[in-house]
Amino acid sequence: MSAPTIAEVAPKVCKLLSTLQPAERRRAVDAALIMLGDQQPAPQLYQPPAPIATPGAPVLPAPHAAAGHSTAAAFFAHKAPDNKGEGLAVAARYREQHEQAQDHTKEQLQGVFTSARKNFDSKSFNADIKNAQRQSCLFTKGNGARGVYTLSYYGQNFIDALPDREKATQLPKPKDGRRKTAPRKPK
């Protein structure tokens with residue numbers, strides 16, 4: 001007994017797949033290839049089917065939606081920053097959570113703004129980031145590398161607390177680390 005040819009197998013596979021929706025067909029083919037050892041699973045491509053709504057039952061979000069916002073636009077819309085400094089911090093936090101980045105350059109933050117379809121004021125960036133460092137304490141004041149910015153611990157917690165602005169503003173702000181000196185006495 002010889003192995004069946006492609007010409008014999010293809011019609012049988014097509015007949016089985018014809019009863020499925022296009023997305024289900026792709027998953028079925030991928031699953032068959034994985035079972036045969038011809039392909040590695042790609043978990044990031046799989047999206048579970050939408051839950052079936054029962055009349056009168058509450059609709060729960062899908063598990064992957066509750067874990068976070070997958071796009072920069074959704075992240076910005078959810079956090080709703082009030083000013084430019086908060087916007088920069090939201091972009092930095094998005095990079096931390098989705099790109100595992102700890103340090104950020106102007107260009108990288110601008111990339112997040114662009115993908116979120118938000119305006120990025122390149123001309124006033126230096127003033128905005130300095131305000132976010134000094135007044136808002138959202139970024140650390142210096143990490144040694146010029147042009148590289150790091151979201152502070154307070155900044156992370158502040159952005160994580162948004163959109164609940166009341167909770168965010170109740171977070172204790174860090175104290176100014178500069179040492180206070182006594183005024184000089186006249187000689």
# chains A, B, ... in the order shown; residues from 1 in each chain; ligands from 1

$ residues_around --residues "stretch 146-153 of chain A" --least-positions-apart "4" --cutoff "9 Å" --atoms "only C-alpha atoms" --output "PDB file with N, CA and C atoms, in the first residue's frame"
ATOM      1  N   ALA A  89       5.076  60.994  29.880  1.00  0.00           N
ATOM      2  CA  ALA A  89       5.146  59.889  30.834  1.00  0.00           C
ATOM      3  C   ALA A  89       4.287  58.708  30.373  1.00  0.00           C
ATOM      4  N   ALA A  92       6.278  56.979  27.752  1.00  0.00           N
ATOM      5  CA  ALA A  92       7.377  56.223  28.364  1.00  0.00           C
ATOM      6  C   ALA A  92       6.855  54.952  29.025  1.00  0.00           C
ATOM      7  N   ARG A  93       5.730  55.041  29.725  1.00  0.00           N
ATOM      8  CA  ARG A  93       5.169  53.868  30.402  1.00  0.00           C
ATOM      9  C   ARG A  93       4.699  52.834  29.377  1.00  0.00           C
ATOM     10  N   GLU A  96       7.709  51.002  28.355  1.00  0.00           N
ATOM     11  CA  GLU A  96       8.145  50.089  29.415  1.00  0.00           C
ATOM     12  C   GLU A  96       7.316  48.804  29.408  1.00  0.00           C
ATOM     13  N   GLN A 102      13.570  50.701  29.412  1.00  0.00           N
ATOM     14  CA  GLN A 102      13.685  51.460  30.660  1.00  0.00           C
ATOM     15  C   GLN A 102      14.112  52.898  30.399  1.00  0.00           C
ATOM     16  N   ASP A 103      14.895  53.116  29.371  1.00  0.00           N
ATOM     17  CA  ASP A 103      15.367  54.449  29.014  1.00  0.00           C
ATOM     18  C   ASP A 103      14.733  54.855  27.695  1.00  0.00           C
ATOM     19  N   HIS A 104      14.520  56.166  27.553  1.00  0.00           N
ATOM     20  CA  HIS A 104      13.782  56.658  26.394  1.00  0.00           C
ATOM     21  C   HIS A 104      14.491  57.868  25.808  1.00  0.00           C
ATOM     22  N   THR A 105      14.545  57.936  24.504  1.00  0.00           N
ATOM     23  CA  THR A 105      15.078  59.112  23.822  1.00  0.00           C
ATOM     24  C   THR A 105      13.902  59.917  23.271  1.00  0.00           C
ATOM     25  N   LYS A 106      14.201  61.102  22.842  1.00  0.00           N
ATOM     26  CA  LYS A 106      13.172  61.962  22.257  1.00  0.00           C
ATOM     27  C   LYS A 106      12.527  61.260  21.053  1.00  0.00           C
ATOM     28  N   ILE A 129      10.061  68.186  28.919  1.00  0.00           N
ATOM     29  CA  ILE A 129      10.676  67.101  29.690  1.00  0.00           C
ATOM     30  C   ILE A 129      11.289  67.643  30.979  1.00  0.00           C
ATOM     31  N   GLN A 133      10.340  66.615  34.789  1.00  0.00           N
ATOM     32  CA  GLN A 133      11.351  66.191  35.757  1.00  0.00           C
ATOM     33  C   GLN A 133      11.269  67.011  37.038  1.00  0.00           C
ATOM     34  N   CYS A 137       7.861  65.578  38.754  1.00  0.00           N
ATOM     35  CA  CYS A 137       8.637  64.434  39.279  1.00  0.00           C
ATOM     36  C   CYS A 137       8.309  63.137  38.543  1.00  0.00           C
ATOM     37  N   LEU A 138       7.878  63.227  37.280  1.00  0.00           N
ATOM     38  CA  LEU A 138       7.511  62.038  36.528  1.00  0.00           C
ATOM     39  C   LEU A 138       8.730  61.322  35.955  1.00  0.00           C
ATOM     40  N   PHE A 139       9.802  62.059  35.707  1.00  0.00           N
ATOM     41  CA  PHE A 139      11.037  61.488  35.183  1.00  0.00           C
ATOM     42  C   PHE A 139      12.164  61.756  36.169  1.00  0.00           C
ATOM     43  N   THR A 140      13.186  60.903  36.137  1.00  0.00           N
ATOM     44  CA  THR A 140      14.343  61.127  37.002  1.00  0.00           C
ATOM     45  C   THR A 140      15.093  62.348  36.495  1.00  0.00           C
ATOM     46  N   LYS A 141      15.829  63.008  37.396  1.00  0.00           N
ATOM     47  CA  LYS A 141      16.492  64.261  37.021  1.00  0.00           C
ATOM     48  C   LYS A 141      17.786  64.066  36.264  1.00  0.00           C
ATOM     49  N   GLY A 142      18.436  62.964  36.436  1.00  0.00           N
ATOM     50  CA  GLY A 142      19.673  62.742  35.691  1.00  0.00           C
ATOM     51  C   GLY A 142      20.136  61.319  35.832  1.00  0.00           C
ATOM     52  N   ASN A 157       4.047  54.888  38.993  1.00  0.00           N
ATOM     53  CA  ASN A 157       2.843  54.717  39.816  1.00  0.00           C
ATOM     54  C   ASN A 157       1.751  55.706  39.430  1.00  0.00           C
ATOM     55  N   PHE A 158       2.140  56.932  39.085  1.00  0.00           N
ATOM     56  CA  PHE A 158       1.177  57.961  38.682  1.00  0.00           C
ATOM     57  C   PHE A 158       0.442  57.516  37.413  1.00  0.00           C
TER      58      PHE A 158
END

$ atom_distance --atom1 "atom CA of A:Asn126" --atom2 "atom CA of A:Ala74"
25.9 Å

$ atom_distance --atom1 "atom CA of A:Ala73" --atom2 "atom CA of A:Asn119"
11.8 Å

$ atom_distance --atom1 "atom CA of A:Lys123" --atom2 "atom CA of A:Asp82"
19.4 Å

$ closest_residue --among "A:Ala127, A:Ala32, A:Cys14, A:Ala116" --to "A:Ser70" --atoms "only C-alpha atoms"
A:Ala116

$ residues_around --residues "A:Gln170" --least-positions-apart "5" --cutoff "12 Å" --atoms "only C-alpha atoms" --output "JSON list (two decimals) with C-alpha atoms, in the first residue's frame"
[["chain", "number", "residue", "atom", "x", "y", "z"],
["A", 154, "TYR", "CA", 6.60, 57.99, 41.17],
["A", 157, "ASN", "CA", 2.84, 54.72, 39.82],
["A", 158, "PHE", "CA", 1.18, 57.96, 38.68],
["A", 161, "ALA", "CA", -3.12, 54.99, 38.66],
["A", 162, "LEU", "CA", -4.63, 56.87, 35.70],
["A", 164, "ASP", "CA", -8.38, 57.58, 38.29],
["A", 165, "ARG", "CA", -6.99, 61.10, 38.70]]

$ residues_around --residues "A:Pro163" --least-positions-apart "6" --cutoff "12 Å" --atoms "only C-alpha atoms" --output "ChimeraX atom specification"
/A:75-82,86,90,157,169

$ select_by_dssp --residues "stretch 133-180 of chain A" --states "strand (DSSP E or B)" --output "PyMOL selection string"
chain A and resi 139+149-151

$ decode --residues "stretch 80-143 of chain A" --atoms "C-alpha atoms" --output "CSV table (one decimal), in the first residue's frame"
chain,number,residue,atom,x,y,z
A,80,ALA,CA,-6.1,60.5,29.3
A,81,PRO,CA,-3.1,62.7,30.1
A,82,ASP,CA,-3.9,66.3,31.1
A,83,ASN,CA,-0.7,68.0,30.0
A,84,LYS,CA,2.5,67.5,27.9
A,85,GLY,CA,4.5,66.1,30.8
A,86,GLU,CA,1.9,63.5,31.5
A,87,GLY,CA,1.7,62.7,27.8
A,88,LEU,CA,5.5,62.1,27.7
A,89,ALA,CA,5.1,59.9,30.8
A,90,VAL,CA,2.3,57.9,29.3
A,91,ALA,CA,4.5,57.3,26.2
A,92,ALA,CA,7.4,56.2,28.4
A,93,ARG,CA,5.2,53.9,30.4
A,94,TYR,CA,3.8,52.4,27.2
A,95,ARG,CA,7.3,51.6,26.0
A,96,GLU,CA,8.1,50.1,29.4
A,97,GLN,CA,5.1,47.8,29.3
A,98,HIS,CA,5.1,46.9,25.6
A,99,GLU,CA,8.7,47.1,24.5
A,100,GLN,CA,10.5,46.3,27.9
A,101,ALA,CA,12.4,49.6,27.6
A,102,GLN,CA,13.7,51.5,30.7
A,103,ASP,CA,15.4,54.4,29.0
A,104,HIS,CA,13.8,56.7,26.4
A,105,THR,CA,15.1,59.1,23.8
A,106,LYS,CA,13.2,62.0,22.3
A,107,GLU,CA,12.8,60.0,19.0
A,108,GLN,CA,11.5,56.9,20.8
A,109,LEU,CA,8.9,58.9,22.7
A,110,GLN,CA,8.0,60.7,19.4
A,111,GLY,CA,7.5,57.3,17.8
A,112,VAL,CA,4.9,56.4,20.4
A,113,PHE,CA,3.1,59.7,19.9
A,114,THR,CA,3.1,59.1,16.2
A,115,SER,CA,1.7,55.6,16.5
A,116,ALA,CA,-1.0,56.9,18.9
A,117,ARG,CA,-1.8,59.6,16.3
A,118,LYS,CA,-1.1,62.3,18.9
A,119,ASN,CA,0.7,65.6,18.2
A,120,PHE,CA,4.3,65.8,19.3
A,121,ASP,CA,5.7,69.3,19.9
A,122,SER,CA,9.3,68.7,18.9
A,123,LYS,CA,10.3,72.4,19.4
A,124,SER,CA,9.2,72.5,23.1
A,125,PHE,CA,10.3,69.0,24.0
A,126,ASN,CA,13.3,70.1,26.1
A,127,ALA,CA,11.1,72.5,28.2
A,128,ASP,CA,8.3,69.9,28.5
A,129,ILE,CA,10.7,67.1,29.7
A,130,LYS,CA,12.4,69.5,32.2
A,131,ASN,CA,9.0,70.4,33.6
A,132,ALA,CA,8.1,66.7,33.9
A,133,GLN,CA,11.4,66.2,35.8
A,134,ARG,CA,11.4,69.2,38.1
A,135,GLN,CA,7.8,70.1,38.8
A,136,SER,CA,5.9,66.9,38.2
A,137,CYS,CA,8.6,64.4,39.3
A,138,LEU,CA,7.5,62.0,36.5
A,139,PHE,CA,11.0,61.5,35.2
A,140,THR,CA,14.3,61.1,37.0
A,141,LYS,CA,16.5,64.3,37.0
A,142,GLY,CA,19.7,62.7,35.7
A,143,ASN,CA,21.0,59.4,34.8
